[in-house]
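Asks: The following block contains the structure, expressed as structure tokens.
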Amino acid sequence: MKKKMKKAAGLAAVVAAAAMMLAGCGGGQTAPAETTAKAGTESSQTSEDTAGTADGAKEDGDKYYIACGAPFTGDDAQYGNFFKKALDMKVDEINGAGGINGKMIQIDYLDDKSTPKEASNIAQMVTSDSRYIAEIGSYNSTCVLAGAPIYQDAGMVQMAPTAGHPDITKANDHLFRLQNSNDIEYTWLADVAVKKIGAKKIAIVHLENDSGIVLADILNQAIPEMGSEVVLTESYVQGQVSDFSSILTKLKAAGPDLIICVTSYNDMGTMLQQAKQIDLGDVKWVSSGMIYSDDFLKLAGDAGEGVYSMTIFFAENPDERIAGFTKKYRERYDNESPNYFVTNAYEALSMIETALRNGADDRESLYQELLKIKEWDGETGYATFDDDRMVNRDMTVIKVENGKWIVAAENDK
């Protein structure tokens, strides 16, 4: 692995509105800045205690405030919780070591419910509070795009850990993405299906959202160009379908030898279980990194055997730093394995930490320092950033074998 880089007025109304609207993970509620210490999880309270005075809190001027907008309730809550676990761990590491430049880090978790309306509302609240220097989020491209123009107008850094739509950095020139762009990722997905696995007849199932539409367009162009056939393309709206028998019946009629299904890990697990009842025959399943988690293995059970995924981070990587990160994450979170939703959020805050240590102290100087990062050799892997603040990360094909994720042999093809 390469190693190159060392690399107000109206606030009371905002807080009241946020406390009513925003729900944090774990069943508690989180609100903007001053209320988070009381509402946070045990880990975030520990960070506050490490940083604080006798009552466990410090004055506003002694903290760097960062917002995290993500889904903490609803169908995608698991992804917001991945972000939160990563950020809580990183905050405790920073604050436990004395903070940055004499200041502690505070993350406020704001629930966008994975909807663009809530993401836009959060962006308005966060940018109107001058204490916030940056926002980390959201989980999906639709929410990131909804908030991007607002962060753009406010000149606020927006760190997008996992959103993949190709246009998100165009929507906000203060946005930095930590996930490969969909056009790169999905073209590679087609390559895996056709050239590495050898599929000839391919069906596509995707979510009806911004990234899903990009997926369908890319795959329907790339797969025929690579010499294989798309026999069916189906989409659905997440949260509106739990019985996938209609889609599965169409899949059986189309007769693919491989299905590319890009959806959440809980929907994928449900779909695979229901597919057993229909008997699609000897068909392979391939998905994106959205399903790479321990929970998918539990939900899918034996129906998940042989399923392929891809990731920019693999927890079982023997690299010393990655193994060290995996170890400390598992120790903190009851042996749960980290995935790229965790690692990208962690690295987003690590990049902000580096910028602050290098002299940034407000929104604009933070932006300018982050622009200087062209290579990032973080705890969870190496990345490069181009002039449009787009990341490039190597990807790995993984597969479920005997109920565990392994590196797939197809990587060598």
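Going through the structure tokens in order, the chains are called A, B, and so on, while each chain numbers its residues from 1 and the ligands are numbered from 1 in the order shown.
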If you run DSSP on the backbone, which residues of region 243-297 of chain A are helix (DSSP H, G or I), as a PyMOL selection string?
Replies: chain A and resi 245-254+265-278+289-291+294-297
Asks: Those selected residues, please, written with C-alpha atoms and delivered as a compact mmCIF listing (two decimals), in the first residue's frame.
Replies:
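As written to disk, again33.txt reads:
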```txt
# COMPACT_ATOMS: atom_id res chain seq x y z
CA SER A 245 -42.58 -12.18 -5.35
CA SER A 246 -43.65 -10.04 -8.32
CA ILE A 247 -40.05 -9.08 -9.12
CA LEU A 248 -38.83 -12.62 -8.49
CA THR A 249 -41.47 -14.08 -10.81
CA LYS A 250 -40.28 -11.75 -13.58
CA LEU A 251 -36.69 -12.77 -12.88
CA LYS A 252 -37.55 -16.44 -13.21
CA ALA A 253 -39.32 -15.82 -16.53
CA ALA A 254 -36.32 -13.85 -17.87
CA TYR A 265 -28.69 -5.32 2.99
CA ASN A 266 -32.02 -5.93 4.74
CA ASP A 267 -33.98 -5.88 1.47
CA MET A 268 -31.36 -8.07 -0.17
CA GLY A 269 -31.57 -10.59 2.65
CA THR A 270 -35.36 -10.67 2.40
CA MET A 271 -35.27 -11.04 -1.37
CA LEU A 272 -32.84 -13.95 -1.20
CA GLN A 273 -34.98 -15.74 1.37
CA GLN A 274 -38.07 -15.31 -0.82
CA ALA A 275 -36.13 -16.40 -3.91
CA LYS A 276 -35.65 -19.82 -2.30
CA GLN A 277 -39.40 -20.37 -2.50
CA ILE A 278 -39.53 -19.62 -6.23
CA GLY A 289 -20.94 -2.81 -1.00
CA MET A 290 -24.29 -1.83 0.54
CA ILE A 291 -24.76 -5.44 1.65
CA ASP A 294 -22.41 -8.90 9.50
CA ASP A 295 -26.16 -8.22 9.65
CA PHE A 296 -26.62 -9.27 6.04
CA LEU A 297 -25.14 -12.66 6.85
```
Asks: Show which residues sit within 6 Å of Val391 (chain A), as an NGL selection string. Count only C-alpha atoms, and ignore same-chain residues fewer than 6 positions away.
Replies: :A and (178 or 180 or 384-385)
Asks: Go ahead and write the residues just picked, N, CA and C atoms, as a PDB file, in the first residue's frame.
Replies:
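What ended up in part_2.pdb:
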```pdb
ATOM      1  N   LEU A 178     -15.983  10.602  -0.302  1.00  0.00           N
ATOM      2  CA  LEU A 178     -15.065   9.551   0.128  1.00  0.00           C
ATOM      3  C   LEU A 178     -15.427   8.196  -0.448  1.00  0.00           C
ATOM      4  N   ASN A 180     -16.142   6.060  -4.142  1.00  0.00           N
ATOM      5  CA  ASN A 180     -15.974   6.144  -5.586  1.00  0.00           C
ATOM      6  C   ASN A 180     -17.283   6.540  -6.260  1.00  0.00           C
ATOM      7  N   THR A 384      -6.747   8.727  -3.149  1.00  0.00           N
ATOM      8  CA  THR A 384      -6.326   9.968  -3.790  1.00  0.00           C
ATOM      9  C   THR A 384      -7.559  10.810  -4.095  1.00  0.00           C
ATOM     10  N   PHE A 385      -7.364  12.132  -4.163  1.00  0.00           N
ATOM     11  CA  PHE A 385      -8.433  13.062  -4.485  1.00  0.00           C
ATOM     12  C   PHE A 385      -8.016  13.912  -5.675  1.00  0.00           C
TER      13      PHE A 385
END
```
Asks: Rank A:Ile150, A:Val262, A:Leu280, A:Met104 by their smallest atom-to-atom distance to Ile213 (chain A), using only C-alpha atoms, and report the top residue only.
Replies: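 Using only C-alpha atoms, the shortest distance to Ile213 (chain A) belongs to A:Val262.
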Asks: Find the residues of region 259-352 of chain A that sit at most 9 Å from region 202-211 of chain A; for each, write down the nearest two atoms and how far apart they are in Å, to one decimal. Count only C-alpha atoms. Sort by chain, then by number going up, and give it as a tab-separated table.
Replies:
```
residue	atom	partner	partner_atom	distance
A:Ile259	CA	A:Ala203	CA	4.8
A:Ile260	CA	A:Ile204	CA	4.9
A:Cys261	CA	A:Val205	CA	4.6
A:Val262	CA	A:His206	CA	5.0
A:Thr263	CA	A:Leu207	CA	6.0
A:Ser264	CA	A:Leu207	CA	8.8
```
Asks: Atoms to include: N, CA and C atoms. Write the selected residues as a PDB file, in the first residue's frame.
Replies:
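Result written to selection-v8.pdb:
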```
ATOM      1  N   ILE A 259     -27.799 -12.182 -11.479  1.00  0.00           N
ATOM      2  CA  ILE A 259     -28.644 -11.040 -11.126  1.00  0.00           C
ATOM      3  C   ILE A 259     -27.793 -10.010 -10.399  1.00  0.00           C
ATOM      4  N   ILE A 260     -27.744  -8.799 -10.927  1.00  0.00           N
ATOM      5  CA  ILE A 260     -27.123  -7.680 -10.216  1.00  0.00           C
ATOM      6  C   ILE A 260     -28.231  -6.974  -9.450  1.00  0.00           C
ATOM      7  N   CYS A 261     -28.158  -7.033  -8.142  1.00  0.00           N
ATOM      8  CA  CYS A 261     -29.190  -6.446  -7.285  1.00  0.00           C
ATOM      9  C   CYS A 261     -28.532  -5.452  -6.333  1.00  0.00           C
ATOM     10  N   VAL A 262     -28.801  -4.177  -6.533  1.00  0.00           N
ATOM     11  CA  VAL A 262     -28.193  -3.140  -5.701  1.00  0.00           C
ATOM     12  C   VAL A 262     -29.280  -2.516  -4.834  1.00  0.00           C
ATOM     13  N   THR A 263     -29.275  -2.894  -3.568  1.00  0.00           N
ATOM     14  CA  THR A 263     -30.276  -2.425  -2.622  1.00  0.00           C
ATOM     15  C   THR A 263     -29.678  -2.507  -1.221  1.00  0.00           C
ATOM     16  N   SER A 264     -30.473  -2.205  -0.208  1.00  0.00           N
ATOM     17  CA  SER A 264     -29.993  -2.269   1.169  1.00  0.00           C
ATOM     18  C   SER A 264     -29.791  -3.723   1.574  1.00  0.00           C
TER      19      SER A 264
END
```
Asks: Hey, what does DSSP flag as strand (DSSP E) within region 55-168 of chain A? Can you give it to me as number ranges by chain?
Replies: A: 63-70, 104-111, 132-137, 157-160
Asks: I want to know what sits within 8 Å of Tyr346 (chain A), based on only C-alpha atoms, with residues of the same chain fewer than 4 positions away left out; could you give that as an mmCIF file with C-alpha atoms, in the first residue's frame?
Replies:
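Saved to around.cif:
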```cif
data_model
loop_
_atom_site.group_PDB
_atom_site.id
_atom_site.type_symbol
_atom_site.label_atom_id
_atom_site.label_comp_id
_atom_site.auth_asym_id
_atom_site.auth_seq_id
_atom_site.Cartn_x
_atom_site.Cartn_y
_atom_site.Cartn_z
ATOM 1 C CA PHE A 83 -21.695 6.569 10.746
ATOM 2 C CA ALA A 86 -17.386 5.462 13.658
ATOM 3 C CA LEU A 87 -17.646 9.122 14.619
ATOM 4 C CA LYS A 90 -13.000 8.932 16.547
ATOM 5 C CA VAL A 342 -17.943 2.937 9.127
ATOM 6 C CA SER A 350 -9.831 12.196 10.396
#
```
Asks: Taking 2 positions as the minimum chain separation for residues in the same chain, which residues sit within 8 Å of Val157 (chain A) when counting only C-alpha atoms? Answer as a CSV table (one decimal) with N, CA, C and O atoms, in the first residue's frame.
Replies:
```
chain,number,residue,atom,x,y,z
A,133,ILE,N,-18.8,24.2,11.8
A,133,ILE,CA,-17.7,24.4,10.8
A,133,ILE,C,-17.8,23.4,9.6
A,133,ILE,O,-17.2,23.6,8.5
A,134,ALA,N,-18.6,22.3,9.8
A,134,ALA,CA,-18.7,21.3,8.7
A,134,ALA,C,-19.8,20.4,9.0
A,134,ALA,O,-20.4,20.3,10.1
A,135,GLU,N,-20.2,19.7,7.9
A,135,GLU,CA,-21.3,18.6,8.0
A,135,GLU,C,-20.7,17.3,7.4
A,135,GLU,O,-20.1,17.4,6.4
A,151,TYR,N,-25.5,24.2,1.6
A,151,TYR,CA,-24.1,24.2,2.1
A,151,TYR,C,-23.2,25.0,1.2
A,151,TYR,O,-22.3,25.8,1.6
A,155,GLY,N,-21.0,28.4,2.2
A,155,GLY,CA,-19.5,28.1,2.2
A,155,GLY,C,-19.1,27.1,3.2
A,155,GLY,O,-18.0,27.3,3.8
A,159,MET,N,-18.9,16.8,3.9
A,159,MET,CA,-18.1,15.5,3.7
A,159,MET,C,-19.1,14.4,3.4
A,159,MET,O,-20.0,14.1,4.3
A,174,HIS,N,-17.8,22.9,-2.1
A,174,HIS,CA,-17.2,22.7,-0.8
A,174,HIS,C,-17.4,21.2,-0.4
A,174,HIS,O,-17.2,20.9,0.8
A,175,LEU,N,-17.9,20.4,-1.3
A,175,LEU,CA,-18.2,19.0,-1.0
A,175,LEU,C,-17.0,18.1,-1.3
A,175,LEU,O,-16.4,18.2,-2.4
A,176,PHE,N,-16.6,17.2,-0.4
A,176,PHE,CA,-15.6,16.2,-0.6
A,176,PHE,C,-16.2,14.8,-0.5
A,176,PHE,O,-16.9,14.5,0.5
A,363,ARG,N,-15.0,27.9,8.8
A,363,ARG,CA,-15.5,27.2,7.6
A,363,ARG,C,-14.6,27.4,6.4
A,363,ARG,O,-14.2,26.4,5.7
A,366,LEU,N,-11.0,25.8,6.9
A,366,LEU,CA,-11.2,24.3,6.8
A,366,LEU,C,-11.2,23.9,5.4
A,366,LEU,O,-10.6,22.9,5.0
A,367,TYR,N,-12.0,24.5,4.6
A,367,TYR,CA,-12.2,24.2,3.2
A,367,TYR,C,-10.8,24.3,2.5
A,367,TYR,O,-10.4,23.4,1.7
```
Asks: Given the choices A:Met395, A:Ser114, A:Glu379, A:Asp62, which gets closest to Asn95 (chain A) if the distance is worked out from only C-alpha atoms?
Replies: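 Selected residue with least distance to Asn95 (chain A): A:Asp62.
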Asks: Have a look at CA of Leu110 (chain A) and CA of Lys63 (chain A) and let me know their distance in Å, one decimal.
Replies: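 Those two atoms sit 18.2 Å apart.
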Asks: Go through A:Tyr292, A:Phe325, A:Lys195, A:Asp361 and flag the residue nearest Gly61 (chain A), using only C-alpha atoms for the distances.
Replies: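 Ranking A:Tyr292, A:Phe325, A:Lys195, A:Asp361 by distance to Gly61 (chain A), first place goes to A:Asp361.
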Asks: Could you give me, as a short mmCIF file (atom, residue, chain, number, x, y, z; two decimals) with N, CA and C atoms, in the first residue's frame, the residues within 12 Å of Ala222 (chain A), counting only C-alpha atoms and dropping anything in the same chain fewer than 2 positions from it?
Replies:
```cif
data_model
loop_
_atom_site.label_atom_id
_atom_site.label_comp_id
_atom_site.auth_asym_id
_atom_site.auth_seq_id
_atom_site.Cartn_x
_atom_site.Cartn_y
_atom_site.Cartn_z
N ASP A 183 -20.32 6.06 -11.54
CA ASP A 183 -19.94 5.67 -12.89
C ASP A 183 -18.71 4.77 -12.88
N ILE A 184 -17.80 4.99 -11.93
CA ILE A 184 -16.64 4.11 -11.78
C ILE A 184 -17.07 2.77 -11.16
N GLU A 185 -17.83 2.86 -10.09
CA GLU A 185 -18.21 1.67 -9.33
C GLU A 185 -19.09 0.73 -10.15
N TYR A 186 -20.08 1.29 -10.85
CA TYR A 186 -21.03 0.43 -11.56
C TYR A 186 -20.44 -0.13 -12.85
N THR A 187 -19.54 0.61 -13.49
CA THR A 187 -18.83 0.04 -14.64
C THR A 187 -17.97 -1.14 -14.20
N TRP A 188 -17.35 -0.99 -13.04
CA TRP A 188 -16.56 -2.08 -12.48
C TRP A 188 -17.45 -3.26 -12.11
N LEU A 189 -18.66 -2.97 -11.61
CA LEU A 189 -19.61 -4.03 -11.28
C LEU A 189 -19.98 -4.84 -12.53
N ALA A 190 -20.18 -4.15 -13.65
CA ALA A 190 -20.46 -4.84 -14.91
C ALA A 190 -19.27 -5.71 -15.32
N ASP A 191 -18.07 -5.18 -15.12
CA ASP A 191 -16.86 -5.93 -15.46
C ASP A 191 -16.76 -7.21 -14.62
N VAL A 192 -17.09 -7.10 -13.33
CA VAL A 192 -17.06 -8.27 -12.45
C VAL A 192 -18.03 -9.33 -12.96
N ALA A 193 -19.26 -8.89 -13.29
CA ALA A 193 -20.30 -9.84 -13.72
C ALA A 193 -19.93 -10.52 -15.04
N VAL A 194 -19.45 -9.75 -15.99
CA VAL A 194 -19.22 -10.29 -17.33
C VAL A 194 -17.84 -10.95 -17.46
N LYS A 195 -16.80 -10.23 -17.05
CA LYS A 195 -15.45 -10.71 -17.33
C LYS A 195 -14.87 -11.60 -16.23
N ILE A 202 -27.89 -11.35 -18.01
CA ILE A 202 -27.86 -10.63 -16.73
C ILE A 202 -29.15 -9.87 -16.51
N LEU A 215 -27.30 3.66 -11.97
CA LEU A 215 -26.92 2.25 -12.08
C LEU A 215 -27.52 1.61 -13.32
N ALA A 216 -28.83 1.77 -13.50
CA ALA A 216 -29.51 1.14 -14.63
C ALA A 216 -28.95 1.65 -15.96
N ASP A 217 -28.72 2.95 -16.04
CA ASP A 217 -28.18 3.52 -17.28
C ASP A 217 -26.79 2.96 -17.60
N ILE A 218 -25.93 2.93 -16.58
CA ILE A 218 -24.56 2.47 -16.80
C ILE A 218 -24.52 0.99 -17.17
N LEU A 219 -25.24 0.17 -16.42
CA LEU A 219 -25.20 -1.27 -16.67
C LEU A 219 -25.83 -1.63 -18.01
N ASN A 220 -26.91 -0.96 -18.38
CA ASN A 220 -27.56 -1.27 -19.66
C ASN A 220 -26.72 -0.85 -20.85
N PRO A 224 -23.86 -4.81 -22.57
CA PRO A 224 -23.83 -5.20 -24.00
C PRO A 224 -22.50 -4.89 -24.67
N GLU A 225 -21.87 -3.77 -24.26
CA GLU A 225 -20.58 -3.44 -24.84
C GLU A 225 -19.52 -4.48 -24.48
N MET A 226 -19.70 -5.14 -23.36
CA MET A 226 -18.76 -6.18 -22.93
C MET A 226 -19.11 -7.56 -23.50
N GLY A 227 -20.23 -7.64 -24.25
CA GLY A 227 -20.56 -8.87 -24.95
C GLY A 227 -21.63 -9.72 -24.32
N SER A 228 -22.28 -9.23 -23.25
CA SER A 228 -23.36 -9.99 -22.62
C SER A 228 -24.69 -9.27 -22.80
N GLU A 229 -25.76 -9.90 -22.34
CA GLU A 229 -27.12 -9.41 -22.60
C GLU A 229 -27.82 -9.06 -21.29
N VAL A 230 -28.52 -7.92 -21.28
CA VAL A 230 -29.39 -7.56 -20.16
C VAL A 230 -30.78 -8.08 -20.50
#
```
Asks: Can you tell me which residues surround Asn317 (chain A) at a distance of at most 10 Å, considering only C-alpha atoms, apart from same-chain residues fewer than 4 positions away, and format the answer as a VMD selection string?
Replies: chain A and resid 313 321 to 323 326 380 406 to 407
Asks: Choose the residue, out of A:Lys404, A:Lys374, A:Arg177, A:Lys284, that has the smallest atom-to-atom separation from Gly137 (chain A); count only C-alpha atoms.
Replies: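 Going through A:Lys404, A:Lys374, A:Arg177, A:Lys284 one by one, the smallest distance to Gly137 (chain A) is for A:Arg177.
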Asks: Which neighbours of Ile122 (chain A) fall inside 10 Å, counting only C-alpha atoms, when residues of the same chain fewer than 3 positions from it are skipped, and could you give them as a CSV table (one decimal) with all heavy atoms, in the first residue's frame?
Replies:
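File produced: around-v4.csv:
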```
chain,number,residue,atom,x,y,z
A,18,ALA,N,-35.3,21.9,16.2
A,18,ALA,CA,-34.5,20.6,16.0
A,18,ALA,C,-34.9,19.6,17.0
A,18,ALA,O,-35.0,18.4,16.7
A,18,ALA,CB,-33.0,21.0,16.1
A,21,MET,N,-38.0,17.9,15.9
A,21,MET,CA,-38.0,17.2,14.6
A,21,MET,C,-37.0,16.0,14.5
A,21,MET,O,-37.2,15.0,13.8
A,21,MET,CB,-37.6,18.2,13.5
A,21,MET,CG,-37.8,17.6,12.1
A,21,MET,SD,-37.3,18.7,10.8
A,21,MET,CE,-35.5,18.6,10.9
A,22,LEU,N,-35.8,16.1,15.2
A,22,LEU,CA,-34.7,15.2,14.9
A,22,LEU,C,-34.6,14.2,16.0
A,22,LEU,O,-34.5,14.5,17.2
A,22,LEU,CB,-33.4,16.1,14.9
A,22,LEU,CG,-33.5,17.2,13.8
A,22,LEU,CD1,-32.3,18.1,14.0
A,22,LEU,CD2,-33.6,16.6,12.5
A,32,PRO,N,-29.3,20.2,18.0
A,32,PRO,CA,-28.1,20.9,17.8
A,32,PRO,C,-27.3,21.2,19.0
A,32,PRO,O,-27.8,21.1,20.2
A,32,PRO,CB,-28.6,22.2,17.1
A,32,PRO,CG,-29.8,21.8,16.4
A,32,PRO,CD,-30.5,20.8,17.4
A,67,ALA,N,-21.8,18.8,12.4
A,67,ALA,CA,-23.1,18.1,12.3
A,67,ALA,C,-22.9,16.9,11.5
A,67,ALA,O,-22.1,16.8,10.5
A,67,ALA,CB,-24.1,19.0,11.6
A,68,CYS,N,-23.7,15.9,11.8
A,68,CYS,CA,-23.8,14.6,11.0
A,68,CYS,C,-25.3,14.4,10.7
A,68,CYS,O,-26.1,14.1,11.5
A,68,CYS,CB,-23.2,13.4,11.8
A,68,CYS,SG,-23.5,11.9,10.9
A,69,GLY,N,-25.6,14.7,9.4
A,69,GLY,CA,-27.0,14.4,8.9
A,69,GLY,C,-27.0,13.1,8.3
A,69,GLY,O,-26.3,12.8,7.3
A,70,ALA,N,-27.9,12.2,8.8
A,70,ALA,CA,-27.9,10.8,8.3
A,70,ALA,C,-29.2,10.2,8.8
A,70,ALA,O,-29.9,10.7,9.7
A,70,ALA,CB,-26.7,10.0,8.8
A,110,LEU,N,-28.1,14.4,13.5
A,110,LEU,CA,-29.4,15.0,13.0
A,110,LEU,C,-30.1,14.0,12.0
A,110,LEU,O,-29.5,13.6,11.0
A,110,LEU,CB,-29.2,16.3,12.4
A,110,LEU,CG,-28.4,17.3,13.2
A,110,LEU,CD1,-28.1,18.6,12.4
A,110,LEU,CD2,-29.0,17.6,14.5
A,111,ASP,N,-31.3,13.6,12.3
A,111,ASP,CA,-31.9,12.5,11.6
A,111,ASP,C,-32.6,13.0,10.3
A,111,ASP,O,-33.6,13.7,10.4
A,111,ASP,CB,-33.0,11.8,12.5
A,111,ASP,CG,-33.7,10.6,11.9
A,111,ASP,OD1,-33.2,10.1,10.8
A,111,ASP,OD2,-34.7,10.2,12.5
A,112,ASP,N,-32.1,12.7,9.2
A,112,ASP,CA,-32.7,13.1,7.9
A,112,ASP,C,-33.7,12.0,7.4
A,112,ASP,O,-34.3,12.2,6.4
A,112,ASP,CB,-31.7,13.4,6.8
A,112,ASP,CG,-30.8,12.3,6.4
A,112,ASP,OD1,-31.3,11.1,6.5
A,112,ASP,OD2,-29.7,12.5,5.9
A,116,PRO,N,-35.0,13.6,1.2
A,116,PRO,CA,-34.4,14.9,0.8
A,116,PRO,C,-35.0,16.1,1.5
A,116,PRO,O,-34.3,17.1,1.8
A,116,PRO,CB,-34.7,15.0,-0.7
A,116,PRO,CG,-35.8,14.0,-1.0
A,116,PRO,CD,-35.6,12.9,0.0
A,117,LYS,N,-36.3,16.0,1.9
A,117,LYS,CA,-36.9,17.2,2.6
A,117,LYS,C,-36.2,17.4,3.9
A,117,LYS,O,-35.9,18.5,4.3
A,117,LYS,CB,-38.4,16.9,2.8
A,117,LYS,CG,-39.1,18.0,3.5
A,117,LYS,CD,-40.6,17.7,3.7
A,117,LYS,CE,-41.3,18.9,4.5
A,117,LYS,NZ,-42.7,18.6,4.7
A,118,GLU,N,-36.1,16.3,4.7
A,118,GLU,CA,-35.4,16.4,6.0
A,118,GLU,C,-34.0,16.8,5.8
A,118,GLU,O,-33.4,17.6,6.6
A,118,GLU,CB,-35.5,15.1,6.8
A,118,GLU,CG,-36.9,14.7,7.1
A,118,GLU,CD,-37.6,15.6,8.1
A,118,GLU,OE1,-36.9,16.4,8.7
A,118,GLU,OE2,-38.8,15.5,8.3
A,119,ALA,N,-33.3,16.3,4.8
A,119,ALA,CA,-31.9,16.7,4.6
A,119,ALA,C,-31.8,18.2,4.3
A,119,ALA,O,-30.8,18.8,4.8
A,119,ALA,CB,-31.3,15.9,3.4
A,125,MET,N,-30.8,24.5,9.0
A,125,MET,CA,-30.5,24.7,10.4
A,125,MET,C,-29.0,24.8,10.7
A,125,MET,O,-28.6,25.6,11.4
A,125,MET,CB,-31.2,23.6,11.2
A,125,MET,CG,-32.7,23.7,11.3
A,125,MET,SD,-33.4,22.6,12.5
A,125,MET,CE,-32.9,21.0,11.8
A,126,VAL,N,-28.3,23.8,10.1
A,126,VAL,CA,-26.8,23.8,10.4
A,126,VAL,C,-26.1,25.0,9.9
A,126,VAL,O,-25.3,25.6,10.6
A,126,VAL,CB,-26.2,22.5,9.8
A,126,VAL,CG1,-24.7,22.5,9.8
A,126,VAL,CG2,-26.8,21.2,10.5
A,127,THR,N,-26.4,25.4,8.7
A,127,THR,CA,-25.7,26.5,8.1
A,127,THR,C,-26.1,27.9,8.7
A,127,THR,O,-25.3,28.8,8.7
A,127,THR,CB,-26.0,26.6,6.6
A,127,THR,OG1,-27.4,26.7,6.3
A,127,THR,CG2,-25.4,25.4,5.8
A,128,SER,N,-27.3,27.9,9.4
A,128,SER,CA,-27.7,29.2,10.0
A,128,SER,C,-27.0,29.3,11.4
A,128,SER,O,-27.1,30.4,12.0
A,128,SER,CB,-29.2,29.2,10.2
A,128,SER,OG,-29.7,28.2,11.0
A,135,GLU,N,-20.2,19.7,7.9
A,135,GLU,CA,-21.3,18.6,8.0
A,135,GLU,C,-20.7,17.3,7.4
A,135,GLU,O,-20.1,17.4,6.4
A,135,GLU,CB,-22.5,19.1,7.3
A,135,GLU,CG,-23.7,18.2,7.5
A,135,GLU,CD,-24.0,17.2,6.4
A,135,GLU,OE1,-23.3,17.2,5.4
A,135,GLU,OE2,-24.9,16.3,6.6
A,147,GLY,N,-29.2,18.8,0.1
A,147,GLY,CA,-28.6,19.8,1.0
A,147,GLY,C,-27.4,20.5,0.4
A,147,GLY,O,-27.1,21.6,0.8
A,150,ILE,N,-27.5,24.4,-0.4
A,150,ILE,CA,-27.5,25.2,0.9
A,150,ILE,C,-26.2,25.3,1.5
A,150,ILE,O,-25.7,26.4,1.9
A,150,ILE,CB,-28.6,24.5,1.8
A,150,ILE,CG1,-29.9,24.5,1.2
A,150,ILE,CG2,-28.6,25.3,3.2
A,150,ILE,CD1,-30.9,23.6,1.9
```
